[in-house]
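Each remark here refers to the structure printed beneath this line.
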Amino acid sequence: MQSVARQVRYASHLGTPVQFRITSSRIQWQCQRRAASYYNPLQWIQEKFAPKARKADPVEEKKRGEQEKQGQQSVFEAAVSQEKGGRPKTASVESAPTVVKKKATQHKYSTANFKISHRKLNMIGRQISGKPIDHAIVQMQFSEKRATSRIKSMLATAKLHATAYKNMDPSKLIVSEAWVTKGPKQLKRLEPRGRGKFGIRIHPDSRMHVILREGKTFEQLKKEQRERRLRRIVSAGLVREDVPLRNPARTWQW
């Protein structure tokens, strides 16, 4: 029996099918083993991740065929087919809710800290305060001061942001407020003086803030001014007026 078991182990190691029949004990025993019957993880990985043929979807095949057919058509044939078939359905676009931007009343913007005195920058702030945004940009474009290029870029960016993000009318934007603040850290350096002494030189930096609001345009201001002047014109004495004299005479004359 031990010799039979030894032969079985040797045959299974070689990977060949083995059949034994024992007649001494009148019991027929068949043993058939294969080396491939063992669990092989490498073979499982190969079968699991092996590339397989993709199943064709009839809907996608139909769409692809229509696109290829449209691509082979000329411009005139495509136009005729579109007129016959009508405009494509845009149910998803029509069903999507429309987003309404909330209109703001003002927009604040400012420059970064840059090397300039707050007194010099405040003069530019007075120049653009109360003016329409386009007029302020033109003033900065033709000004000879060094900081006007930076202020012009800031005004143009503020106008764009107020139009795109705040849904404000660009034709009615005015520079309602403009003010200047000092920088958080002003550099201090030693300045040599006579007789072995020294002073402290301060290198200032500052920034400008503006607030844009919707105001009256030039046309509206001109119209209001014309109406105000017309109201001041009165008749030449044909009708009695219950208004005080504009240029009263002196009470005493000699």
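The chains in the structure tokens are called A, B, ... from first to last as shown; in each chain the residues are counted from 1, and the ligands are counted from 1 in the order shown.
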- prompt: Excluding same-chain residues fewer than 2 positions from Ile202 of chain A, what lies within 8 Å of it counting only C-alpha atoms, as a list in words?
  reply: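 Listed by chain and then number, they are Gln186, Leu187, Lys188, Arg189, Ile200 and Pro204 of chain A.
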Would you output that residue set with N, CA and C atoms, as a short mmCIF file (atom, residue, chain, number, x, y, z; two decimals), in the first residue's frame?
```
data_model
loop_
_atom_site.label_atom_id
_atom_site.label_comp_id
_atom_site.auth_asym_id
_atom_site.auth_seq_id
_atom_site.Cartn_x
_atom_site.Cartn_y
_atom_site.Cartn_z
N GLN A 186 5.18 100.78 6.48
CA GLN A 186 5.96 101.75 5.73
C GLN A 186 7.43 101.58 6.07
N LEU A 187 8.25 101.43 5.05
CA LEU A 187 9.67 101.18 5.25
C LEU A 187 10.36 102.42 5.81
N LYS A 188 11.28 102.18 6.74
CA LYS A 188 12.06 103.27 7.33
C LYS A 188 13.54 102.96 7.14
N ARG A 189 14.27 103.93 6.64
CA ARG A 189 15.69 103.78 6.39
C ARG A 189 16.45 104.96 7.02
N ILE A 200 15.80 109.71 9.86
CA ILE A 200 15.00 108.54 9.45
C ILE A 200 14.19 108.93 8.22
N PRO A 204 6.91 105.86 1.97
CA PRO A 204 5.48 105.59 2.17
C PRO A 204 4.89 104.71 1.06
#
```
query: What's the 8 Å shell around segment 173-181 of chain A, counting only C-alpha atoms, without same-chain residues fewer than 6 positions away, as a ChimeraX atom specification?
result: /A:118,121-122,125-126,128-133,136,159,206-215
- request: Take atom CA of Asn167 of chain A and atom CA of Gln127 of chain A and report the distance between them in Å, one decimal.
  value: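 Computing the Euclidean distance for atom CA of Asn167 of chain A and atom CA of Gln127 of chain A yields 26.5 Å.
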query: With distances taken over only C-alpha atoms, which of A:Lys197, A:Lys216, A:Arg228, A:Lys52 is nearest to Ser171 of chain A?
result: A:Lys216
message: My list of candidates is A:Met123, A:Arg150, A:Arg232, A:Asp205. Which is closest to Gly183 of chain A when distances are computed with only C-alpha atoms?
response: A:Asp205
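Computed from the coordinates, the atom CA of Lys152 of chain A to atom CA of Ala112 of chain A distance equals 13.2 Å.
For the atom pair formed by atom CA of Ala156 of chain A and atom CA of Met140 of chain A, the distance is 10.7 Å, given to one decimal.
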message: Could you check the closest approach to Leu155 of chain A for each of A:Lys115, A:Lys172, A:Lys108, A:Pro192 and tell me which residue wins, using only C-alpha atoms?
response: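 With only C-alpha atoms as the atom set, the closest residue is A:Lys108.
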